[in-house]
Amino acid sequence: MAVNPGLAHLSDTLFTTAIATYTLAMGAYTAEYAFGRRGHIAATTTMAMARERILVGAGAPLPTEEWPPLPTPAAALPRTTHRTSAERVGRIAVAITILGVLLHAASIAIRGSAVDEVPWSNMYQFSAVVGLIAVLAFLTLLARMPQIRYLGGLILLPVILLMFLAGTVLYANAEQAVPALQSYWLAIHVTAAASSEGILLTSSVLTMLYLLRRRYDIRAAAAGQPSRYPTALAARLPAPDTLDKVAYRAAVFAFPIYTFGVIAGAIWAEAAWGRYWGWDPKETWAFIAWVIYAAYLHARATAGWKHRAAAWINLTGFAAMTFNFFIVNIVISGLHSYAGLN
Amino acid sequence: MSPPRTILSIGGRLMRRGWRRLISMRTALVLLFLLAVAAVPGSLLPQRSLNPAKTEAYIRAHGTFGRLLDRLGAFEVFASPWFAAIYLLLGVSLIGCLVPRIRVHAKAIVSRPPRTPRHMNRLPEHDSWTATGEPGELATATRQMLRRWRVDVRDTDTGVVEVAAEKGYLRETGNLLFHVGLLSALLLIAVGRLWHYEGQIILEEGSGFCNTVLNYDSFQAGRMAQQGRVAPFCVDKMNSFTATYRPDGSASAFRADITYSRGADGAPQHDELRVNHPLRLQGDRLYLLGHGYSPKITVRMPNGRVLSGITAAFLPQDALFTSEGAFALQGKNCATGAGTDLGLQGVFAPDGVTNTLGVTASGNPQPLHPVLAVLAYEGDLGGCTGRPHSVYSLDAAQIATGKLRHVGGANLTVGQTLTLPGGARVTFDGYVQWASLQISHDPTQTYLLIAAGAMVAGLLASLSIRRRRLWLRLTPDGDGHTLITVGGLARSDTGNFTTEFATLTRRLQTAAPPAPAPDPLEPAHH
């Protein structure tokens, strides 16, 4: 079965269109963020609430393991009965994102039928899948927490960057896999890896927003006045607890998938290379990232590490994962040399 | 009066304090970080276990610094004492943390949920309403709503009925299962390393080998593996090796067709070894790891001796299978010193292209136009010196010292002959293919897979299941009504307990509906 060049070309066109669609959606999300209902008055209200919360939180230790539910600013603010234009723009942004997801998924599916196998055996294809999963993870979180909608642009930004890199630097022509990759474990192992990485990408963006918002709140409480740029950007973000919780939930969802992906990789390595683990650079970095995410989950349950420290551990884990993808694939040679860049 | 402080008691106290610190979460976190950081040089520096040649080259290139790194174990990170120290400490810390947790959890599983607290309104979630009926019957009715909970109903002396319920025990069970699985996995890996063995062999089409240590080109074994006791089986013959290619020249499949037999006198069986499809037999696995070409030559000596169909495995040097190797034809008698050796060092190209400088390389991995470029040497190959050297090249020391003399060379296509000044004639007959096979044995693999499965299952349970406590107090007011107070506590940090509690309360109210009479304590109807 040979590669179908017509389908491969169609897949590439859809990929480019998906990037353009996401960019459009990002513009719409940003418009909602910039001109949203939570203008000047809303921002000051949030600030006052945040100040109060920090003062309360500092004085009285909480009686239970779980924080009492705090009203999120978005929920606490009076909702207008008719939709504002910003809200309408936000809804349109979600619709455009869904269109982008469809184009994106079609591009991957058509690439798959062009090469007649699961299309994630090189860096371009893998990036495409990670980007798709990241957007899907955001949409899933959005369905449960509509108040994070206007963050869409901030999630789409790294996805668009990743897809741009994939389409330019990492691009590889549609080719069928070498014999070493001809195994159903390719579908299992790489799907698990790409899914967990996509979700962890979303988690790390939310964690960055959490840290920014946290700093903004602390400064606001201490100085009693709004922060300057860039911390001021956090003025319209959801409450830090919300961001922290959503980031944690995404990581908690991804961690077992990632663990399974590593184990599936070991099972495949046993069948392909004669051993289940050999400290190949890719394996080593998968191990490093796994250990860091394990530390993140433990930090979330350790007094004194719960908030800021845990957030930084999450970001370190994502950095290790990114290193494993870009640097280990491109710079360090090992058995996982399937980048398709040679 | 307290007993005098002896050195022993102080030492004991310090040890207890040290132990408590070791098993604390904080220490575990630090050790996890150390483990991650310690693994980094293992990926950035060349490792002896993965690439010994590259490692030696790195050490040579970095002089004192390289030797210092070597002494620190930086080229064997994953076998170094400091790496072992971290994971052993982590293991001990984990055991120290797990044992008491297992004890507590076992106790929780067999005991009743904790009793209803006196003041429900101190709980993070609480609610109350008045229902029609006696506490006993209402308790029975609400109990129906808590089907997946562990429920404990107590009647007190005052006629008040208390219901205590808890669910999500599997969360802690899963958490413990994950950690026990992890510890077992580490233990199984260690045991597997001690008893494992691994051998590599290059096998040409038409030949076979038996699974004995001596037959392998290289062999590695764990400390406890008994080298003489490998699984008894033979690959009687590799019937053929096939590589298939796509129109664009990329490989699509490799197949080694073998006949093998189990035990000393097992019946011959057929199998097709492929990449990703090892042959598993008697606890051993046979892998197809690589392939290459062995050029075949016939040598006619001036004295009339004919050596026909000699093959030598050549090692591929690039993706297009430009391969290098050597033929060593010993003619010297080591006892008498009489006679002359003939050595041929060569490059084999399955699709030979010779550039203007006369250098032959391959343009395609497929044997479209096989070319054998040979340099012939006569003299002493050094075979009598007993000094080991690679079979893929002639001994460079013998050439440098002039004991092997260059006597001729040619680029041969199939059927062509090179005639040497001494009268010897070398004919290039063609090639056979070889496959590099690996035999692996690890007695713990299957158990390790079970441990890994337990880890994933435990992880899923411990991250998805929510541990919740719920209490009800049903107080009779004497005129056929009962005041029901409900309180809830989330014992794990997932989900939105506020909405969960509201849903639960609503469900309880379907079993014990709020009395129609207006009551200040009654919540709004939904």
# chains A, B, ... in the order shown; residues from 1 in each chain; ligands from 1

$ closest_atom_pairs --of "chain A" --to "chain B" --cutoff "8 Å" --atoms "only C-alpha atoms" --output "CSV"
residue,atom,partner,partner_atom,distance
A:Ala2,CA,B:Arg246,CA,7.7
A:Thr64,CA,B:Pro124,CA,7.6
A:Glu65,CA,B:Arg491,CA,6.5
A:Glu66,CA,B:Asp493,CA,6.0
A:Pro68,CA,B:Pro124,CA,6.4
A:Pro69,CA,B:Thr498,CA,7.0
A:Ala177,CA,B:Ser252,CA,7.6
A:Val178,CA,B:Ser252,CA,6.0
A:Pro179,CA,B:Ala253,CA,5.3
A:Ala180,CA,B:Val275,CA,6.0
A:Gln182,CA,B:Asn276,CA,7.5
A:Ser183,CA,B:Asn276,CA,6.7
A:Arg249,CA,B:Thr494,CA,7.7
A:Val252,CA,B:Leu463,CA,6.6
A:Phe253,CA,B:Leu463,CA,7.9
A:Pro256,CA,B:Leu459,CA,6.2
A:Thr259,CA,B:Val456,CA,7.0
A:Phe260,CA,B:Val456,CA,6.5
A:Ile263,CA,B:Ala452,CA,7.1
A:Trp268,CA,B:Asn276,CA,7.7
A:Ala271,CA,B:Asn276,CA,5.1
A:Ala272,CA,B:Asn276,CA,4.3
A:Trp273,CA,B:Leu289,CA,7.0
A:Gly274,CA,B:Tyr287,CA,6.5
A:Arg275,CA,B:Ser440,CA,7.9
A:Gly278,CA,B:Leu50,CA,7.9
A:Trp279,CA,B:Gly42,CA,7.7
A:Asp280,CA,B:Ser43,CA,7.3
A:Pro281,CA,B:Ser43,CA,4.7
A:Thr284,CA,B:Ser43,CA,6.3
A:Trp285,CA,B:Ser43,CA,7.5
A:Phe287,CA,B:Ala36,CA,7.6
A:Ile288,CA,B:Ala36,CA,4.7
A:Ala289,CA,B:Ala36,CA,7.7
A:Val291,CA,B:Ala36,CA,6.2
A:Ile292,CA,B:Phe33,CA,6.8
A:Ala295,CA,B:Leu29,CA,5.7
A:His298,CA,B:Leu29,CA,7.1
A:Ala299,CA,B:Leu29,CA,7.1
A:Thr302,CA,B:Met25,CA,6.6
A:Ile332,CA,B:Leu44,CA,7.6

$ select_by_dssp --residues "segment 90-312 of chain A" --states "helix (DSSP H, G or I)" --output "MDAnalysis selection string"
chainID A and resid 90:115 123:144 146:167 179:181 184:223 231:236 240:272 281:299 308:312

$ select_by_dssp --residues "segment 105-150 of chain B" --states "strand (DSSP E or B)" --output "list in words"
Glu125, His126, Asp127, Ser128, Trp129, Thr130, Ala131, Thr132 and Arg150 of chain B

$ residues_around --residues "Gly343 of chain B" --least-positions-apart "3" --cutoff "9 Å" --atoms "only C-alpha atoms" --output "VMD selection string"
chain B and resid 326 to 330 375 to 381 394 404

$ residues_around --residues "Val101 of chain A" --least-positions-apart "6" --cutoff "9 Å" --atoms "only C-alpha atoms" --output "PyMOL selection string"
chain A and resi 18+21-22+132+135-136

$ closest_residue --among "B:Asn411, B:Ala511, B:Gly478, B:Ile201" --to "Met145 of chain B" --atoms "only C-alpha atoms"
B:Ala511

$ residues_around --residues "Val129 of chain A" --least-positions-apart "2" --cutoff "8 Å" --atoms "only C-alpha atoms" --output "CSV table (one decimal) with C-alpha atoms, in the first residue's frame"
chain,number,residue,atom,x,y,z
A,108,ILE,CA,-5.0,14.0,11.1
A,120,TRP,CA,1.7,9.7,14.7
A,125,GLN,CA,2.3,14.2,13.3
A,126,PHE,CA,2.9,13.8,17.0
A,127,SER,CA,2.7,17.6,17.5
A,131,GLY,CA,-2.3,20.2,19.8
A,132,LEU,CA,-5.6,18.6,19.1
A,133,ILE,CA,-5.8,17.0,22.5
A,194,ALA,CA,0.2,12.5,23.0
A,195,SER,CA,-3.1,12.6,25.0
A,198,GLY,CA,-1.9,17.6,25.4

$ residues_around --residues "Gly358 of chain B" --least-positions-apart "2" --cutoff "12 Å" --atoms "only C-alpha atoms" --output "PyMOL selection string"
chain B and resi 347+352-356+360-361+373-374+409-411

$ residues_around --residues "segment 27-29 of chain A" --least-positions-apart "2" --cutoff "6 Å" --atoms "only C-alpha atoms" --output "short mmCIF file (atom, residue, chain, number, x, y, z; two decimals) with C-alpha atoms, in the first residue's frame"
data_model
loop_
_atom_site.label_atom_id
_atom_site.label_comp_id
_atom_site.auth_asym_id
_atom_site.auth_seq_id
_atom_site.Cartn_x
_atom_site.Cartn_y
_atom_site.Cartn_z
CA LEU A 24 -9.29 33.61 14.40
CA ALA A 25 -10.76 32.01 17.51
CA ALA A 31 -11.65 40.41 22.29
CA GLU A 32 -13.93 38.92 24.92
CA GLY A 90 -17.00 34.64 23.38
CA ALA A 93 -15.02 32.11 19.64
CA TYR A 150 -12.27 33.90 27.89
CA GLY A 152 -9.34 30.28 25.35
CA GLY A 153 -6.89 32.61 23.66
#

$ decode --residues "segment 15-51 of chain B" --atoms "N, CA and C atoms" --output "mmCIF file, in the first residue's frame"
data_model
loop_
_atom_site.group_PDB
_atom_site.id
_atom_site.type_symbol
_atom_site.label_atom_id
_atom_site.label_comp_id
_atom_site.auth_asym_id
_atom_site.auth_seq_id
_atom_site.Cartn_x
_atom_site.Cartn_y
_atom_site.Cartn_z
ATOM 1 N N MET B 15 17.611 8.534 66.508
ATOM 2 C CA MET B 15 17.261 7.604 65.433
ATOM 3 C C MET B 15 15.773 7.660 65.130
ATOM 4 N N ARG B 16 14.973 7.750 66.193
ATOM 5 C CA ARG B 16 13.528 7.840 65.969
ATOM 6 C C ARG B 16 13.179 9.110 65.207
ATOM 7 N N ARG B 17 13.862 10.199 65.615
ATOM 8 C CA ARG B 17 13.580 11.469 64.946
ATOM 9 C C ARG B 17 13.993 11.387 63.467
ATOM 10 N N GLY B 18 15.169 10.764 63.263
ATOM 11 C CA GLY B 18 15.662 10.607 61.888
ATOM 12 C C GLY B 18 14.698 9.760 61.067
ATOM 13 N N TRP B 19 14.195 8.709 61.660
ATOM 14 C CA TRP B 19 13.278 7.806 60.966
ATOM 15 C C TRP B 19 11.995 8.546 60.602
ATOM 16 N N ARG B 20 11.474 9.301 61.599
ATOM 17 C CA ARG B 20 10.246 10.051 61.314
ATOM 18 C C ARG B 20 10.465 11.034 60.183
ATOM 19 N N ARG B 21 11.657 11.657 60.194
ATOM 20 C CA ARG B 21 11.924 12.612 59.126
ATOM 21 C C ARG B 21 12.022 11.891 57.781
ATOM 22 N N LEU B 22 12.656 10.699 57.792
ATOM 23 C CA LEU B 22 12.842 9.958 56.534
ATOM 24 C C LEU B 22 11.494 9.573 55.930
ATOM 25 N N ILE B 23 10.540 9.187 56.788
ATOM 26 C CA ILE B 23 9.273 8.718 56.223
ATOM 27 C C ILE B 23 8.285 9.863 56.016
ATOM 28 N N SER B 24 8.721 11.111 56.230
ATOM 29 C CA SER B 24 7.794 12.224 56.017
ATOM 30 C C SER B 24 7.651 12.509 54.522
ATOM 31 N N MET B 25 6.524 13.110 54.165
ATOM 32 C CA MET B 25 6.239 13.436 52.772
ATOM 33 C C MET B 25 7.271 14.408 52.207
ATOM 34 N N ARG B 26 7.709 15.335 53.077
ATOM 35 C CA ARG B 26 8.684 16.324 52.654
ATOM 36 C C ARG B 26 9.966 15.652 52.147
ATOM 37 N N THR B 27 10.427 14.649 52.919
ATOM 38 C CA THR B 27 11.637 13.929 52.530
ATOM 39 C C THR B 27 11.392 13.175 51.221
ATOM 40 N N ALA B 28 10.227 12.571 51.135
ATOM 41 C CA ALA B 28 9.898 11.829 49.913
ATOM 42 C C ALA B 28 9.951 12.772 48.719
ATOM 43 N N LEU B 29 9.432 13.991 48.899
ATOM 44 C CA LEU B 29 9.437 14.960 47.812
ATOM 45 C C LEU B 29 10.865 15.310 47.408
ATOM 46 N N VAL B 30 11.708 15.569 48.421
ATOM 47 C CA VAL B 30 13.104 15.921 48.131
ATOM 48 C C VAL B 30 13.784 14.763 47.407
ATOM 49 N N LEU B 31 13.525 13.531 47.872
ATOM 50 C CA LEU B 31 14.153 12.369 47.234
ATOM 51 C C LEU B 31 13.666 12.195 45.797
ATOM 52 N N LEU B 32 12.383 12.469 45.579
ATOM 53 C CA LEU B 32 11.857 12.371 44.209
ATOM 54 C C LEU B 32 12.593 13.349 43.305
ATOM 55 N N PHE B 33 12.810 14.569 43.821
ATOM 56 C CA PHE B 33 13.541 15.557 43.015
ATOM 57 C C PHE B 33 14.957 15.109 42.744
ATOM 58 N N LEU B 34 15.608 14.597 43.807
ATOM 59 C CA LEU B 34 16.981 14.135 43.635
ATOM 60 C C LEU B 34 17.040 13.042 42.575
ATOM 61 N N LEU B 35 16.037 12.152 42.600
ATOM 62 C CA LEU B 35 16.000 11.052 41.638
ATOM 63 C C LEU B 35 15.904 11.608 40.217
ATOM 64 N N ALA B 36 15.028 12.613 40.030
ATOM 65 C CA ALA B 36 14.862 13.211 38.704
ATOM 66 C C ALA B 36 16.154 13.883 38.272
ATOM 67 N N VAL B 37 16.776 14.640 39.184
ATOM 68 C CA VAL B 37 17.997 15.365 38.827
ATOM 69 C C VAL B 37 19.128 14.382 38.549
ATOM 70 N N ALA B 38 19.209 13.317 39.357
ATOM 71 C CA ALA B 38 20.302 12.361 39.202
ATOM 72 C C ALA B 38 20.218 11.627 37.875
ATOM 73 N N ALA B 39 19.004 11.519 37.319
ATOM 74 C CA ALA B 39 18.857 10.793 36.054
ATOM 75 C C ALA B 39 19.322 11.639 34.866
ATOM 76 N N VAL B 40 19.382 12.963 35.057
ATOM 77 C CA VAL B 40 19.692 13.850 33.923
ATOM 78 C C VAL B 40 21.040 13.535 33.270
ATOM 79 N N PRO B 41 22.159 13.436 34.055
ATOM 80 C CA PRO B 41 23.435 13.140 33.372
ATOM 81 C C PRO B 41 23.388 11.824 32.604
ATOM 82 N N GLY B 42 22.531 10.905 33.026
ATOM 83 C CA GLY B 42 22.412 9.631 32.326
ATOM 84 C C GLY B 42 21.915 9.776 30.906
ATOM 85 N N SER B 43 21.278 10.912 30.612
ATOM 86 C CA SER B 43 20.798 11.102 29.246
ATOM 87 C C SER B 43 21.689 12.066 28.478
ATOM 88 N N LEU B 44 22.426 12.929 29.186
ATOM 89 C CA LEU B 44 23.229 13.937 28.488
ATOM 90 C C LEU B 44 24.657 13.457 28.237
ATOM 91 N N LEU B 45 25.165 12.588 29.116
ATOM 92 C CA LEU B 45 26.510 12.053 28.921
ATOM 93 C C LEU B 45 26.391 10.675 28.286
ATOM 94 N N PRO B 46 27.376 10.290 27.461
ATOM 95 C CA PRO B 46 27.304 8.928 26.903
ATOM 96 C C PRO B 46 27.391 7.900 28.021
ATOM 97 N N GLN B 47 26.654 6.825 27.888
ATOM 98 C CA GLN B 47 26.614 5.797 28.921
ATOM 99 C C GLN B 47 27.266 4.521 28.413
ATOM 100 N N ARG B 48 28.086 3.920 29.276
ATOM 101 C CA ARG B 48 28.836 2.732 28.873
ATOM 102 C C ARG B 48 27.913 1.598 28.448
ATOM 103 N N SER B 49 26.801 1.458 29.141
ATOM 104 C CA SER B 49 25.913 0.342 28.828
ATOM 105 C C SER B 49 25.266 0.515 27.454
ATOM 106 N N LEU B 50 25.111 1.750 26.998
ATOM 107 C CA LEU B 50 24.451 1.983 25.718
ATOM 108 C C LEU B 50 25.460 2.085 24.580
ATOM 109 N N ASN B 51 26.600 2.748 24.824
ATOM 110 C CA ASN B 51 27.557 2.978 23.757
ATOM 111 C C ASN B 51 28.967 3.071 24.333
#
